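Novice: This structure is in structure tokens; I'll ask about it shortly.
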Amino acid sequence: AQSVTQPDIHITVSEGASLELRCNYSYGATPYLFWYVQSPGQGLQLLLKYFSGDTLVQGIKGFEAEFKRSQSSFNLRKPSVHWSDAAEYFCAVGGAGKSTFGDGTTLTVKP
Amino acid sequence: DGGITQSPKYLFRKEGQNVTLSCEQNLNHDAMYWYRQDPGQGLRLIYYSQIVNDFQKGDIAEGYSVSREKKESFPLTVTSAQKNPTAFYLCASGTGYGYTFGSGTRLTVV
């Protein structure tokens with residue numbers, strides 16, 4: 001069965017600092033991996049996705065993620081965080097069937 | 001623009017009432033999903049449908065019902081059997097290659 005673990009429930013960073021959100025997955029074959037972002041009271045928006053090829057993928061809003069098969073990880077990064085990045089972030093693994101989501105990481109941005 | 005529309009945005013239910021949440025998509029997706037979101041608990045799958053006239057229970061289907069009579073529509077009914085229905089409900093469509101989400105319905109029991 002596929003599963004996703006986001007080890008950090010809550011992360012606080014200062015505005016302008018770099019960010020890395022962790023995601024570990026379990027999947028029997030080559031995974032399709034996703035990061036979604038959710039602002040308070042809103043639905044989820046797709047930030048980026050990895051299917052195959054280059055293991056460093058670029059997404060919207062200046063985010064990127066790196067797929068590391070040996071570590072079963074798909075960590076999300078941003079070089080410089082903006083106050084508007086404060087939100088909840090979900091990692092997900094999919095494929096032929098439905099996706100499985102992690103429990104989310106809440107990002108707080110300090111001024 | 002293609003997308004998913006959930007209505008209403010806010011819904012209030014009295015004890016013992018059934019209420020229905022609407023979800024409509026114009027993305028031509030075969031599969032649609034309903035999730036419940038509570039603080040600190042991530043997304044929990046209620047029901048999903050991969051084709052018209054067929055649907056499967058997710059992890060927390062008790063107290064909920066769905067129908068899928070049209071490809072575009074996947075309404076969720078929260079029945080009186082659901083003892084703790086206050087939550088944020090999200091509808092999505094897509095496949096394992098990525099989902100599109102609606103903006104959610106917040107249901108409160110009064």
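Ordered as shown in the structure tokens, chains take letters A, B, and onward, while each chain numbers its residues from 1 and ligands are numbered from 1 in the order shown.
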Counting only C-alpha atoms, a student should be able to say which residues of chain A come within 6 Å of chain B; what is the right answer, written as a list in words?
Specialist: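 Using only C-alpha atoms, chain A residues at most 6 Å from chain B: Gln42, Gly43, Leu44, Gly94, Gly95, Ala96, Gly97, Lys98, Ser99, Asp103 and Gly104 of chain A.
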Novice: For the structure I just gave you, how does DSSP split chain A - specifically, which residues are helix (DSSP H, G or I)? Reply as a list in words.
Specialist: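 Checking each residue of chain A, the helix (DSSP H, G or I) ones are Ile60, Lys61, Gly62, Arg69, Ser70, Gln71, Trp83, Ser84 and Asp85 of chain A.
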Novice: Skipping near chain neighbours, those fewer than 6 positions away, what residues fall within 10 Å of Ala92 in chain A using only C-alpha atoms, listed as a list in words?
Specialist: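 Near neighbours after the sequence-gap exclusion: Gln2, Ser3, Val4, Thr5, Gln6, Cys23, Asn24, Tyr25, Pro31, Tyr32, Leu33, Phe34, Trp35, Tyr36, Lys49, Phe74, Ser99, Thr100, Phe101, Gly102, Asp103 and Gly104 of chain A; Gly96 and Gly98 of chain B.
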Novice: What does the file look like for those residues with N, CA and C atoms, as a CSV table (one decimal), in the first residue's frame?
Specialist:
```csv
chain,number,residue,atom,x,y,z
A,2,GLN,N,0.4,2.3,-0.7
A,2,GLN,CA,1.2,3.5,-0.7
A,2,GLN,C,0.9,4.3,0.5
A,3,SER,N,1.9,5.1,0.9
A,3,SER,CA,1.8,6.0,2.1
A,3,SER,C,2.7,7.2,2.0
A,4,VAL,N,2.4,8.2,2.7
A,4,VAL,CA,3.2,9.4,2.7
A,4,VAL,C,3.3,9.9,4.1
A,5,THR,N,4.5,10.3,4.5
A,5,THR,CA,4.8,10.8,5.8
A,5,THR,C,5.4,12.2,5.7
A,6,GLN,N,4.8,13.1,6.4
A,6,GLN,CA,5.4,14.5,6.5
A,6,GLN,C,5.8,14.6,8.0
A,23,CYS,N,9.2,15.3,3.0
A,23,CYS,CA,8.2,14.3,2.6
A,23,CYS,C,8.9,13.0,2.3
A,24,ASN,N,8.4,11.9,2.9
A,24,ASN,CA,8.8,10.6,2.6
A,24,ASN,C,7.6,9.7,2.2
A,25,TYR,N,7.9,8.9,1.2
A,25,TYR,CA,6.8,8.1,0.6
A,25,TYR,C,7.1,6.6,0.6
A,31,PRO,N,6.9,6.2,-8.4
A,31,PRO,CA,5.8,7.0,-7.9
A,31,PRO,C,5.6,8.3,-8.7
A,32,TYR,N,4.3,8.7,-8.7
A,32,TYR,CA,4.0,10.1,-9.1
A,32,TYR,C,3.9,10.9,-7.9
A,33,LEU,N,4.6,12.0,-7.7
A,33,LEU,CA,4.7,12.7,-6.5
A,33,LEU,C,4.2,14.1,-6.7
A,34,PHE,N,3.6,14.7,-5.7
A,34,PHE,CA,2.9,16.0,-5.8
A,34,PHE,C,3.2,16.8,-4.5
A,35,TRP,N,3.2,18.1,-4.6
A,35,TRP,CA,3.0,19.0,-3.5
A,35,TRP,C,1.9,19.9,-3.8
A,36,TYR,N,1.0,20.1,-2.8
A,36,TYR,CA,-0.2,21.0,-2.9
A,36,TYR,C,0.0,22.0,-1.7
A,49,LYS,N,4.7,18.8,-9.6
A,49,LYS,CA,4.6,17.3,-9.6
A,49,LYS,C,5.8,16.7,-10.3
A,74,PHE,N,10.8,13.4,-1.2
A,74,PHE,CA,10.4,14.4,-2.2
A,74,PHE,C,10.2,15.7,-1.5
A,99,SER,N,-4.8,9.1,-5.3
A,99,SER,CA,-3.7,9.6,-4.6
A,99,SER,C,-3.8,9.4,-3.1
A,100,THR,N,-2.7,9.4,-2.4
A,100,THR,CA,-2.6,9.3,-1.0
A,100,THR,C,-1.9,10.5,-0.5
A,101,PHE,N,-2.5,11.2,0.5
A,101,PHE,CA,-1.9,12.5,1.0
A,101,PHE,C,-1.3,12.3,2.4
A,102,GLY,N,-0.2,13.1,2.6
A,102,GLY,CA,0.3,13.2,3.9
A,102,GLY,C,-0.6,14.0,4.8
A,103,ASP,N,-0.3,14.1,6.1
A,103,ASP,CA,-1.1,14.9,7.0
A,103,ASP,C,-0.9,16.4,7.0
A,104,GLY,N,0.1,16.8,6.2
A,104,GLY,CA,0.3,18.3,6.1
A,104,GLY,C,1.3,18.8,7.0
B,96,GLY,N,-4.6,9.7,-10.5
B,96,GLY,CA,-3.3,9.6,-9.8
B,96,GLY,C,-2.3,10.5,-10.4
B,98,GLY,N,-2.8,13.7,-10.7
B,98,GLY,CA,-3.0,15.0,-10.1
B,98,GLY,C,-4.5,15.3,-10.0
```
Novice: Please list as a CSV table (one decimal) with N, CA and C atoms, in the first residue's frame every residue within 8 Å of range 61-78 of chain B, counting only C-alpha atoms and excluding residues in the same chain fewer than 3 positions away.
Specialist:
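Result file is result.csv:
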```csv
chain,number,residue,atom,x,y,z
B,18,ASN,N,-30.7,15.8,7.5
B,18,ASN,CA,-29.7,15.5,6.4
B,18,ASN,C,-29.4,16.7,5.6
B,19,VAL,N,-28.2,16.9,5.1
B,19,VAL,CA,-27.9,18.0,4.3
B,19,VAL,C,-27.0,17.5,3.1
B,20,THR,N,-27.2,18.2,2.0
B,20,THR,CA,-26.4,17.8,0.8
B,20,THR,C,-25.5,18.9,0.3
B,21,LEU,N,-24.2,18.5,0.1
B,21,LEU,CA,-23.2,19.4,-0.4
B,21,LEU,C,-23.1,19.1,-1.9
B,22,SER,N,-23.0,20.2,-2.7
B,22,SER,CA,-22.9,20.1,-4.1
B,22,SER,C,-21.4,20.2,-4.6
B,23,CYS,N,-21.1,19.4,-5.6
B,23,CYS,CA,-19.8,19.4,-6.3
B,23,CYS,C,-20.0,19.2,-7.8
B,24,GLU,N,-19.6,20.2,-8.6
B,24,GLU,CA,-19.8,20.1,-10.0
B,24,GLU,C,-18.4,20.4,-10.7
B,25,GLN,N,-18.0,19.7,-11.7
B,25,GLN,CA,-16.8,19.9,-12.4
B,25,GLN,C,-17.0,20.0,-13.9
B,26,ASN,N,-16.2,20.8,-14.6
B,26,ASN,CA,-16.3,20.9,-16.0
B,26,ASN,C,-15.0,20.6,-16.6
B,28,ASN,N,-14.1,17.4,-17.4
B,28,ASN,CA,-14.2,16.1,-18.1
B,28,ASN,C,-13.5,15.0,-17.4
B,29,HIS,N,-13.3,15.1,-16.1
B,29,HIS,CA,-12.6,14.0,-15.4
B,29,HIS,C,-13.6,12.9,-15.0
B,30,ASP,N,-13.1,11.7,-15.2
B,30,ASP,CA,-14.0,10.5,-14.8
B,30,ASP,C,-14.1,10.4,-13.3
B,32,MET,N,-14.0,11.4,-9.3
B,32,MET,CA,-14.2,12.5,-8.3
B,32,MET,C,-14.1,11.9,-6.9
B,34,TRP,N,-14.5,12.9,-2.4
B,34,TRP,CA,-14.9,13.7,-1.3
B,34,TRP,C,-14.0,13.5,-0.1
B,45,LEU,N,-10.5,10.5,3.3
B,45,LEU,CA,-11.3,10.2,2.1
B,45,LEU,C,-12.6,9.6,2.6
B,46,ILE,N,-13.7,10.2,2.1
B,46,ILE,CA,-15.1,9.7,2.5
B,46,ILE,C,-15.6,8.8,1.4
B,47,TYR,N,-15.7,9.2,0.2
B,47,TYR,CA,-16.2,8.4,-0.9
B,47,TYR,C,-15.4,8.8,-2.2
B,49,SER,N,-15.5,8.1,-6.7
B,49,SER,CA,-16.2,7.6,-7.9
B,49,SER,C,-15.3,7.6,-9.1
B,51,ILE,N,-16.2,6.4,-12.1
B,51,ILE,CA,-17.0,6.4,-13.3
B,51,ILE,C,-18.5,6.6,-13.0
B,52,VAL,N,-19.2,7.1,-13.9
B,52,VAL,CA,-20.7,7.4,-13.6
B,52,VAL,C,-21.4,6.1,-13.2
B,53,ASN,N,-22.3,6.3,-12.2
B,53,ASN,CA,-23.1,5.2,-11.7
B,53,ASN,C,-22.3,4.2,-10.8
B,54,ASP,N,-21.1,4.6,-10.4
B,54,ASP,CA,-20.3,3.7,-9.6
B,54,ASP,C,-19.5,4.5,-8.6
B,55,PHE,N,-19.5,4.0,-7.3
B,55,PHE,CA,-18.7,4.7,-6.3
B,55,PHE,C,-18.3,3.7,-5.2
B,57,LYS,N,-16.6,3.3,-1.1
B,57,LYS,CA,-16.4,3.9,0.2
B,57,LYS,C,-14.9,4.2,0.4
B,58,GLY,N,-14.6,5.3,1.1
B,58,GLY,CA,-13.3,5.6,1.5
B,58,GLY,C,-13.1,5.1,2.9
B,81,ALA,N,-27.1,10.1,10.7
B,81,ALA,CA,-26.3,9.1,11.3
B,81,ALA,C,-24.9,9.5,11.6
B,82,GLN,N,-24.4,10.6,11.0
B,82,GLN,CA,-23.1,11.2,11.2
B,82,GLN,C,-23.1,12.0,12.4
B,83,LYS,N,-22.5,11.5,13.5
B,83,LYS,CA,-22.7,12.1,14.8
B,83,LYS,C,-21.8,13.4,15.0
B,85,PRO,N,-20.6,15.9,12.4
B,85,PRO,CA,-20.4,16.4,11.0
B,85,PRO,C,-19.7,17.7,10.9
```
Novice: Using only C-alpha atoms, which protein or nucleic acid residues come within 6 Å of Arg77 in chain A? Drop anything in the same chain fewer than 5 positions from it, and give the result as a PDB file with C-alpha atoms, in the first residue's frame.
Specialist:
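For reference, result_21.pdb as written:
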```pdb
ATOM      1  CA  LEU A  19      12.592  26.725   3.468  1.00  0.00           C
ATOM      2  CA  GLU A  20      12.629  22.952   3.218  1.00  0.00           C
ATOM      3  CA  PHE A  63       8.979  26.435  -5.253  1.00  0.00           C
ATOM      4  CA  GLU A  64      11.033  23.421  -6.285  1.00  0.00           C
ATOM      5  CA  ALA A  65      11.254  19.816  -5.124  1.00  0.00           C
TER       6      ALA A  65
END
```
Novice: If we count only C-alpha atoms, what is near Ala1 in chain A at a cut-off of 9 Å, once residues fewer than 2 positions away on the same chain are taken out, given as a PDB file with N, CA, C and O atoms, in the first residue's frame?
Specialist:
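part38.pdb, written as the output of this step:
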```pdb
ATOM      1  N   SER A   3       1.905   5.109   0.939  1.00  0.00           N
ATOM      2  CA  SER A   3       1.752   5.981   2.100  1.00  0.00           C
ATOM      3  C   SER A   3       2.680   7.172   1.970  1.00  0.00           C
ATOM      4  O   SER A   3       3.659   7.132   1.212  1.00  0.00           O
ATOM      5  N   SER A  26       6.052   5.813   0.484  1.00  0.00           N
ATOM      6  CA  SER A  26       6.191   4.376   0.267  1.00  0.00           C
ATOM      7  C   SER A  26       5.301   4.027  -0.916  1.00  0.00           C
ATOM      8  O   SER A  26       4.094   4.337  -0.916  1.00  0.00           O
ATOM      9  N   TYR A  27       5.910   3.419  -1.931  1.00  0.00           N
ATOM     10  CA  TYR A  27       5.155   3.093  -3.148  1.00  0.00           C
ATOM     11  C   TYR A  27       5.875   1.971  -3.851  1.00  0.00           C
ATOM     12  O   TYR A  27       7.086   1.954  -3.911  1.00  0.00           O
ATOM     13  N   GLY A  28       5.115   1.019  -4.407  1.00  0.00           N
ATOM     14  CA  GLY A  28       5.717  -0.179  -4.956  1.00  0.00           C
ATOM     15  C   GLY A  28       6.434   0.005  -6.269  1.00  0.00           C
ATOM     16  O   GLY A  28       7.339  -0.754  -6.592  1.00  0.00           O
TER      17      GLY A  28
END
```
Novice: May I ask which of the residues B:Gln37, B:Ser93, B:Ser80, B:Thr86 is the closest one to Glu15 in chain B, counting only C-alpha atoms?
Specialist: B:Ser80
Novice: Can you tell me, as a PyMOL selection string, which residues in chain A count as strand (DSSP E or B) by DSSP?
Specialist: chain A and resi 3-5+10-14+19-21+24-26+32-38+44-50+56-58+64-68+73-78+87-94+100-101+105-110
Novice: Using CA of Tyr35 in chain B and CA of Ile60 in chain B as the two end points, give the distance in Å to one decimal.
Specialist: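 Between these atoms lies a distance of 9.1 Å.
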